[in-house]
>>> print(open('model.txt').read())   # compact mmCIF, C-alpha atoms
# COMPACT_ATOMS: atom_id res chain seq x y z
CA MET A 1312 -34.16 62.00 -81.49
CA ILE A 1313 -34.22 64.12 -84.70
CA LYS A 1314 -32.45 66.97 -82.88
CA ASP A 1315 -29.74 64.52 -81.74
CA LEU A 1316 -29.38 63.25 -85.29
CA ILE A 1317 -28.91 66.79 -86.60
CA ILE A 1318 -26.56 68.01 -83.87
CA MET A 1319 -24.58 64.76 -83.42
CA ASN A 1320 -22.88 65.89 -80.18
CA GLY A 1321 -21.62 69.06 -81.85
CA TYR A 1322 -20.14 67.27 -84.89
CA GLY A 1323 -23.30 67.56 -87.01
CA VAL A 1324 -22.02 70.47 -89.08
CA TYR A 1325 -18.93 68.47 -90.22
CA VAL A 1326 -20.81 65.19 -90.74
CA TRP A 1327 -23.75 66.73 -92.64
CA PHE A 1328 -21.41 68.90 -94.70
CA SER A 1329 -19.41 65.79 -95.75
CA PHE A 1330 -22.47 63.71 -96.63
CA GLY A 1331 -24.18 66.70 -98.26
CA ILE A 1332 -21.29 67.61 -100.52
CA THR A 1333 -20.82 63.94 -101.49
CA VAL A 1334 -24.48 63.51 -102.44
CA PHE A 1335 -24.54 66.88 -104.25
CA ALA A 1336 -21.34 66.18 -106.24
CA CYS A 1337 -22.48 62.67 -107.20
CA ALA A 1338 -25.95 63.91 -108.22
CA PHE A 1339 -24.36 66.71 -110.27
CA LEU A 1340 -22.02 64.29 -112.11
CA TYR A 1341 -24.95 61.91 -112.73
CA TYR A 1342 -27.10 64.75 -114.14
CA LYS A 1343 -24.30 66.07 -116.40
CA THR A 1344 -23.44 62.58 -117.66
CA LEU A 1345 -27.08 61.69 -118.39
CA LYS A 1346 -27.68 65.01 -120.16
CA LYS A 1347 -24.60 64.53 -122.35
CA LEU A 1348 -25.59 60.94 -123.18
CA LYS A 1349 -29.12 61.98 -124.22
CA LYS A 1350 -27.70 64.85 -126.30
CA TYR A 1351 -25.35 62.58 -128.27
CA GLU A 1352 -28.01 59.87 -128.68
CA LYS A 1353 -30.33 62.48 -130.16
CA GLU A 1354 -27.62 63.89 -132.44
CA LEU A 1355 -26.69 60.43 -133.73
CA ALA A 1356 -30.33 59.51 -134.35
CA CYS A 1357 -30.86 62.80 -136.23
CA LYS A 1358 -27.73 62.14 -138.27
CA ILE A 1359 -29.09 58.70 -139.24
CA LEU A 1360 -32.43 60.27 -140.18
CA GLU A 1361 -30.66 62.79 -142.42
CA LEU A 1362 -29.20 59.96 -144.54
CA SER A 1363 -30.93 58.82 -147.72
CA GLU A 1364 -33.03 55.65 -147.48
CA VAL A 1365 -30.32 53.54 -149.14
CA GLU A 1366 -27.47 54.91 -147.01
CA ARG A 1367 -29.52 54.54 -143.82
CA THR A 1368 -30.43 50.92 -144.54
CA ALA A 1369 -26.82 50.11 -145.36
CA GLU A 1370 -25.47 51.76 -142.18
CA LEU A 1371 -28.09 50.18 -139.91
CA LYS A 1372 -27.42 46.78 -141.42
CA LYS A 1373 -23.66 47.24 -140.98
CA SER A 1374 -23.65 48.43 -137.36
CA LYS A 1375 -25.51 46.86 -134.43
CA ILE A 1376 -24.71 49.95 -132.34
CA LEU A 1377 -26.34 52.38 -134.80
CA ASN A 1378 -29.31 50.07 -135.02
CA GLN A 1379 -29.79 50.00 -131.24
CA VAL A 1380 -29.41 53.76 -130.79
CA PHE A 1381 -31.80 54.43 -133.67
CA LEU A 1382 -34.40 51.97 -132.36
CA ASN A 1383 -34.17 53.30 -128.79
CA TYR A 1384 -34.55 56.89 -129.99
CA ASN A 1385 -37.63 56.06 -132.08
CA LYS A 1386 -39.37 54.17 -129.23
CA MET B 162 11.61 30.80 -131.99
CA ILE B 163 8.62 33.12 -131.53
CA SER B 164 9.39 36.75 -132.22
CA SER B 165 8.21 39.53 -129.94
CA HIS B 166 6.17 40.91 -132.84
CA THR B 167 4.16 37.65 -133.04
CA VAL B 168 3.52 37.73 -129.28
CA ILE B 169 2.28 41.32 -129.48
CA THR B 170 0.00 40.45 -132.43
CA VAL B 171 -1.49 37.42 -130.62
CA VAL B 172 -2.05 39.40 -127.40
CA ARG B 173 -3.46 42.31 -129.39
CA ASN B 174 -5.99 40.06 -131.21
CA PHE B 175 -6.97 38.43 -127.92
CA MET B 176 -7.51 41.81 -126.26
CA PHE B 177 -9.27 43.18 -129.32
CA ASN B 178 -11.85 40.37 -129.02
CA ILE B 179 -12.31 40.90 -125.28
CA PHE B 180 -12.66 44.67 -125.65
CA SER B 181 -14.71 44.52 -128.86
CA ILE B 182 -17.03 47.56 -128.78
CA SER B 183 -20.06 46.07 -130.53
CA SER B 184 -20.13 43.00 -128.30
CA ILE B 185 -19.94 45.20 -125.18
CA PHE B 186 -22.47 47.80 -126.34
CA SER B 187 -25.38 45.36 -126.39
CA ILE B 188 -25.09 44.67 -122.64
CA ILE B 189 -24.44 48.29 -121.59
CA ASN B 190 -28.13 49.31 -121.65
CA LYS B 191 -29.12 46.33 -119.53
CA LEU B 192 -26.36 47.06 -117.03
CA ILE B 193 -27.30 50.76 -116.81
CA LYS B 194 -30.92 49.79 -116.00
CA PHE B 195 -29.75 47.21 -113.45
CA PHE B 196 -27.40 49.60 -111.60
CA SER B 197 -29.96 52.47 -111.74
CA SER B 198 -32.52 50.34 -109.93
CA LEU B 199 -29.97 48.99 -107.47
CA ILE B 200 -28.35 52.27 -106.43
CA PHE B 201 -31.34 53.73 -104.53
CA ILE B 202 -31.80 50.58 -102.45
CA ALA B 203 -28.06 50.39 -101.70
CA LEU B 204 -27.95 54.13 -100.88
CA ALA B 205 -30.90 53.86 -98.47
CA VAL B 206 -29.34 50.89 -96.66
CA GLY B 207 -25.85 52.45 -96.63
CA LEU B 208 -27.03 55.82 -95.28
CA THR B 209 -29.19 54.14 -92.61
CA PHE B 210 -26.18 52.21 -91.34
CA ALA B 211 -23.77 55.16 -91.65
CA LEU B 212 -25.96 57.82 -90.02
CA LEU B 213 -28.29 55.89 -87.70
CA ILE B 214 -27.18 52.37 -86.81
CA SER B 215 -23.40 52.85 -86.57
CA PRO B 216 -22.34 53.83 -83.00
CA PRO B 217 -20.21 56.94 -82.25
CA ASP B 218 -16.51 56.27 -81.66
CA TYR B 219 -15.37 56.54 -78.03
CA ILE B 220 -12.70 59.15 -78.89
CA GLN B 221 -13.86 60.76 -82.15
CA LYS B 222 -17.56 60.60 -81.20
CA ASP B 223 -19.94 61.22 -84.15
CA SER B 224 -17.24 62.73 -86.39
CA VAL B 225 -16.21 59.14 -87.17
CA ARG B 226 -19.23 58.97 -89.50
CA ILE B 227 -17.27 61.10 -92.01
CA MET B 228 -15.13 57.97 -92.53
CA TYR B 229 -18.06 56.36 -94.40
CA VAL B 230 -17.74 58.84 -97.27
CA HIS B 231 -14.05 59.76 -96.93
CA VAL B 232 -12.47 56.28 -97.01
CA PRO B 233 -14.45 54.83 -99.98
CA SER B 234 -13.73 58.06 -101.93
CA ALA B 235 -10.00 57.75 -101.26
CA TRP B 236 -9.94 54.03 -102.18
CA LEU B 237 -11.81 54.64 -105.44
CA SER B 238 -9.60 57.59 -106.40
CA LEU B 239 -6.49 55.38 -106.06
CA ALA B 240 -8.11 52.40 -107.78
CA SER B 241 -9.31 54.54 -110.72
CA PHE B 242 -5.86 56.01 -111.22
CA SER B 243 -4.19 52.58 -111.12
CA ILE B 244 -6.65 51.12 -113.66
CA MET B 245 -6.27 54.18 -115.89
CA THR B 246 -2.47 53.91 -115.86
CA LEU B 247 -2.62 50.20 -116.73
CA PHE B 248 -4.99 50.88 -119.64
CA PHE B 249 -2.91 53.84 -120.89
CA ILE B 250 0.16 51.60 -120.99
CA LEU B 251 -1.74 48.73 -122.69
CA ASN B 252 -3.15 51.18 -125.21
CA PHE B 253 0.29 52.66 -125.83
CA VAL B 254 1.68 49.18 -126.61
CA PHE B 255 -1.25 47.51 -128.38
CA LYS B 256 -3.14 50.55 -129.81
CA ILE B 257 -6.65 49.39 -128.87
CA LYS B 258 -9.18 52.16 -129.40
CA ASN B 259 -11.56 50.75 -126.80
CA LEU B 260 -9.03 51.23 -124.00
CA GLN B 261 -8.94 54.95 -124.85
CA LEU B 262 -12.72 55.12 -124.52
CA ILE B 263 -12.55 53.30 -121.18
CA ASN B 264 -9.95 55.77 -119.90
CA TYR B 265 -12.00 58.79 -121.06
CA SER B 266 -14.85 57.34 -118.99
CA ILE B 267 -12.83 56.55 -115.84
CA ALA B 268 -10.98 59.87 -115.52
CA PRO B 269 -13.92 62.08 -114.36
CA ILE B 270 -14.97 59.47 -111.79
CA GLY B 271 -11.44 59.39 -110.35
CA LEU B 272 -11.29 63.18 -110.29
CA LEU B 273 -14.64 63.40 -108.45
CA PHE B 274 -13.59 60.91 -105.78
CA THR B 275 -10.18 62.56 -105.30
CA CYS B 276 -11.90 65.94 -104.72
CA LEU B 277 -14.37 64.30 -102.32
CA ALA B 278 -11.59 62.51 -100.42
CA ILE B 279 -9.74 65.81 -99.94
CA ILE B 280 -12.84 67.88 -99.00
CA THR B 281 -14.33 65.30 -96.60
CA GLY B 282 -10.83 64.72 -95.19
CA ALA B 283 -10.60 68.44 -94.39
CA ALA B 284 -14.06 68.31 -92.76
CA TRP B 285 -12.88 65.35 -90.65
CA GLY B 286 -9.54 67.01 -89.86
CA LYS B 287 -11.06 70.15 -88.33
CA PRO B 288 -12.82 68.44 -85.36
CA THR B 289 -10.13 65.75 -84.83
CA TRP B 290 -6.84 67.57 -85.56
CA GLY B 291 -8.04 71.15 -85.05
CA THR B 292 -7.17 72.17 -88.61
CA TRP B 293 -8.75 71.87 -92.06
CA TRP B 294 -5.43 71.35 -93.81
CA ALA B 295 -1.79 70.53 -93.04
CA TRP B 296 1.08 70.00 -95.47
CA ASP B 297 1.46 66.48 -94.21
CA ALA B 298 2.68 63.61 -96.44
CA ARG B 299 -0.71 61.90 -96.96
CA LEU B 300 -2.64 65.11 -97.63
CA THR B 301 0.02 66.56 -99.91
CA SER B 302 0.36 63.35 -101.94
CA MET B 303 -3.45 63.25 -102.37
CA LEU B 304 -3.32 66.83 -103.62
CA ALA B 305 -0.62 65.75 -106.10
CA LEU B 306 -2.95 62.97 -107.29
CA LEU B 307 -5.65 65.58 -107.91
CA PHE B 308 -3.21 67.58 -110.07
CA PHE B 309 -2.33 64.47 -112.08
CA TYR B 310 -6.02 63.80 -112.73
CA VAL B 311 -6.47 67.40 -113.87
CA LEU B 312 -3.41 67.20 -116.13
CA ILE B 313 -4.62 63.95 -117.74
CA ILE B 314 -8.14 65.27 -118.32
CA LEU B 315 -6.87 68.57 -119.73
CA SER B 316 -4.44 66.83 -122.08
CA LEU B 317 -7.16 64.45 -123.33
CA LYS B 318 -9.57 67.33 -123.84
CA PHE B 319 -7.52 70.17 -125.24
CA ILE B 320 -4.40 68.78 -126.92
CA SER B 321 -4.48 67.71 -130.54
CA PRO B 322 -3.73 65.64 -132.54
CA LEU B 323 -5.10 62.61 -130.70
CA GLU B 324 -1.76 60.72 -130.74
CA ARG B 325 0.02 63.55 -128.97
CA SER B 326 -2.71 63.95 -126.35
CA LEU B 327 -2.67 60.21 -125.65
CA LYS B 328 1.12 60.15 -125.34
CA LEU B 329 1.02 63.08 -122.93
CA ALA B 330 -1.81 61.52 -120.87
CA THR B 331 0.12 58.21 -120.75
CA LEU B 332 3.23 60.06 -119.58
CA PHE B 333 1.29 61.89 -116.84
CA SER B 334 -0.37 58.68 -115.71
CA ILE B 335 2.97 56.84 -115.50
CA ILE B 336 4.58 59.68 -113.51
CA GLY B 337 1.43 59.95 -111.38
CA SER B 338 1.43 56.23 -110.65
CA ILE B 339 4.72 56.68 -108.73
CA ASN B 340 2.61 58.73 -106.33
CA ILE B 341 0.19 55.82 -105.61
CA PRO B 342 2.51 53.80 -103.31
CA ILE B 343 3.64 57.11 -101.77
CA ILE B 344 0.00 57.87 -100.83
CA LYS B 345 -0.52 54.34 -99.51
CA TYR B 346 2.64 54.13 -97.38
CA SER B 347 3.10 57.82 -96.49
CA VAL B 348 1.51 57.21 -93.07
CA ASP B 349 4.08 54.46 -92.34
CA TRP B 350 7.16 56.14 -93.85
CA TRP B 351 6.74 59.56 -92.23
CA ASN B 352 5.30 61.02 -89.05
CA THR B 353 2.00 62.39 -90.23
CA LEU B 354 -1.14 63.86 -88.71
CA HIS B 355 -3.07 61.26 -90.66
CA GLN B 356 -3.55 58.00 -88.78
CA PRO B 357 -2.03 54.74 -90.13
CA ALA B 358 -4.29 52.32 -92.03
CA SER B 359 -6.87 50.63 -89.78
CA ILE B 360 -8.05 48.19 -92.44
CA LYS B 361 -5.45 45.73 -93.66
CA PHE B 362 -5.96 43.25 -96.46
CA SER B 363 -3.12 41.13 -95.08
CA GLY B 364 -3.28 40.75 -91.30
CA SER B 365 -6.00 41.72 -88.87
CA SER B 366 -7.78 45.07 -89.08
CA THR B 367 -7.86 47.33 -86.04
CA ILE B 368 -11.42 48.45 -86.61
CA HIS B 369 -14.55 47.01 -84.97
CA SER B 370 -17.19 45.28 -87.10
CA SER B 371 -19.80 47.88 -86.07
CA PHE B 372 -17.77 50.39 -88.13
CA LEU B 373 -16.66 47.93 -90.83
CA VAL B 374 -20.20 46.95 -91.91
CA PRO B 375 -21.37 50.54 -92.71
CA LEU B 376 -18.00 51.25 -94.31
CA PHE B 377 -18.28 48.33 -96.73
CA LEU B 378 -21.96 49.12 -97.40
CA MET B 379 -21.00 52.68 -98.36
CA LEU B 380 -18.13 51.32 -100.47
CA LEU B 381 -20.69 49.18 -102.30
CA VAL B 382 -22.86 52.28 -102.92
CA PHE B 383 -19.84 54.15 -104.31
CA LEU B 384 -18.90 51.17 -106.50
CA ILE B 385 -22.42 50.93 -107.95
CA PHE B 386 -22.43 54.70 -108.58
CA SER B 387 -19.02 54.50 -110.28
CA ALA B 388 -20.17 51.61 -112.46
CA LEU B 389 -23.29 53.55 -113.46
CA ILE B 390 -21.38 56.72 -114.38
CA PHE B 391 -18.69 54.71 -116.14
CA LEU B 392 -21.26 52.87 -118.31
CA MET B 393 -23.10 56.08 -119.20
CA LYS B 394 -19.85 57.87 -120.10
CA TYR B 395 -18.57 54.87 -122.01
CA LYS B 396 -21.82 54.66 -124.00
CA THR B 397 -21.52 58.40 -124.77
CA GLU B 398 -17.95 57.91 -126.04
CA ILE B 399 -19.04 55.03 -128.31
CA ILE B 400 -21.92 57.11 -129.69
CA LYS B 401 -19.53 60.05 -130.30
CA MET B 402 -17.22 57.72 -132.23
CA LYS B 403 -20.09 56.34 -134.31
CA LYS B 404 -21.30 59.88 -135.05
CA LYS B 405 -17.84 60.78 -136.36
CA GLY B 406 -18.02 57.71 -138.62
CA LEU B 407 -21.21 59.04 -140.21
CA ASN B 408 -19.54 62.35 -141.06
CA LYS B 409 -18.35 60.78 -144.36
CA TYR B 410 -21.88 61.46 -145.73
CA ASP B 411 -21.64 65.20 -145.02
>>> encode(input="model.txt", output="structure tokens")
Amino acid sequence: MIKDLIIMNGYGVYVWFSFGITVFACAFLYYKTLKKLKKYEKELACKILELSEVERTAELKKSKILNQVFLNYNK
Amino acid sequence: MISSHTVITVVRNFMFNIFSISSIFSIINKLIKFFSSLIFIALAVGLTFALLISPPDYIQKDSVRIMYVHVPSAWLSLASFSIMTLFFILNFVFKIKNLQLINYSIAPIGLLFTCLAIITGAAWGKPTWGTWWAWDARLTSMLALLFFYVLIILSLKFISPLERSLKLATLFSIIGSINIPIIKYSVDWWNTLHQPASIKFSGSSTIHSSFLVPLFLMLLVFLIFSALIFLMKYKTEIIKMKKKGLNKYD
């Protein structure tokens, strides 16, 4: 049964190559995208932390997005 | 008499509200979590149908299973390019920043699926046609689409100032969009190695339901994956923009 699934009447090499490369490419794009997102979230949170107390309060009050990113990062 | 300027302003305000970044951002996190939990279930079901439950074709035997990754990839590559072109044109007319961010996020997804459509197509071509590649109309027009994706991504990434890079990307997307109907109808217009469409949105499809079910399940998996990547990229672009806004304190 498993041998049949791997060999697939002689077409296994083409089928597994196609599924394999699809899964690998999608996983690679997912990993790169997630890594980049985390990097920029961290950089933005650090940038907010670098601001003075007054500037930070003003910016967080002004922007919902900054507020969310900052809160998520500090969780 | 309403002037064209008034119409553009009204449409622009309407679209600005729809595509307002802060209203969208609050639901992005929830959607990312939702799609992340959904994708593994969908992938498990899709792969089970594609590799185990689906029967072999009576002519192509088990090589028909390549269709379950090849066809959704090709559909998504064409759909991504069409959406991108529409948004480039809308952005060119109405100058809505959010449409730029959406296009930055769609382009890599389209490029990935175009590459996958070409590579899996070659892997399907070898056992069925006896060759990995032929300069046939469908294959060549897909290769042209890949070049257009590369041109758009390169111009968005490396050309400055921003206005010039956007103009260039819009131009490439408009020229590239001429290629979309060529890809779609190439199998009807010319004698090609590639078979004509088996699935028709108007009229009856010439494909059995035992192949259609896994195909649409895999399409669903690809759609969920695309949505997930799009949302993550889109969120990154918004954060990048916000970070630039804070540079005034430097």
>>> closest_residue(input="model.txt", among="A:Tyr1322, A:Phe1335, A:Trp1327, A:Tyr1384", to="A:Tyr1351", atoms="only C-alpha atoms")
A:Tyr1384
>>> residues_around(input="model.txt", residues="B:Thr353", least_positions_apart="2", cutoff="7 Å", atoms="only C-alpha atoms", output="PDB file with C-alpha atoms, in the coordinates of the input")
ATOM      1  CA  ASP B 297       1.460  66.480 -94.210  1.00  0.00           C
ATOM      2  CA  ALA B 298       2.680  63.610 -96.440  1.00  0.00           C
ATOM      3  CA  VAL B 348       1.510  57.210 -93.070  1.00  0.00           C
ATOM      4  CA  TRP B 351       6.740  59.560 -92.230  1.00  0.00           C
ATOM      5  CA  HIS B 355      -3.070  61.260 -90.660  1.00  0.00           C
TER       6      HIS B 355
END
>>> atom_distance(input="model.txt", atom1="atom CA of B:Phe274", atom2="atom CA of B:Ile390")
12.3 Å
>>> atom_distance(input="model.txt", atom1="atom CA of A:Tyr1342", atom2="atom CA of B:Ile399")
19.0 Å
>>> interface_residues(input="model.txt", of="chain A", to="chain B", cutoff="9 Å", atoms="only C-alpha atoms", output="VMD selection string")
chain A and resid 1316 1319 to 1323 1325 to 1330 1332 to 1333 1336 to 1337 1340 to 1341 1344 to 1345 1347 to 1349 1351 to 1352 1354 to 1355 1358 to 1359 1362 1366 1370 1374 to 1377 1379 to 1380
>>> atom_distance(input="model.txt", atom1="atom CA of B:Leu260", atom2="atom CA of B:Phe248")
6.0 Å
>>> residues_around(input="model.txt", residues="B:Lys345", least_positions_apart="3", cutoff="9 Å", atoms="all atoms listed in the file", output="number ranges by chain")
B: 239, 299, 340-342, 348-349, 358
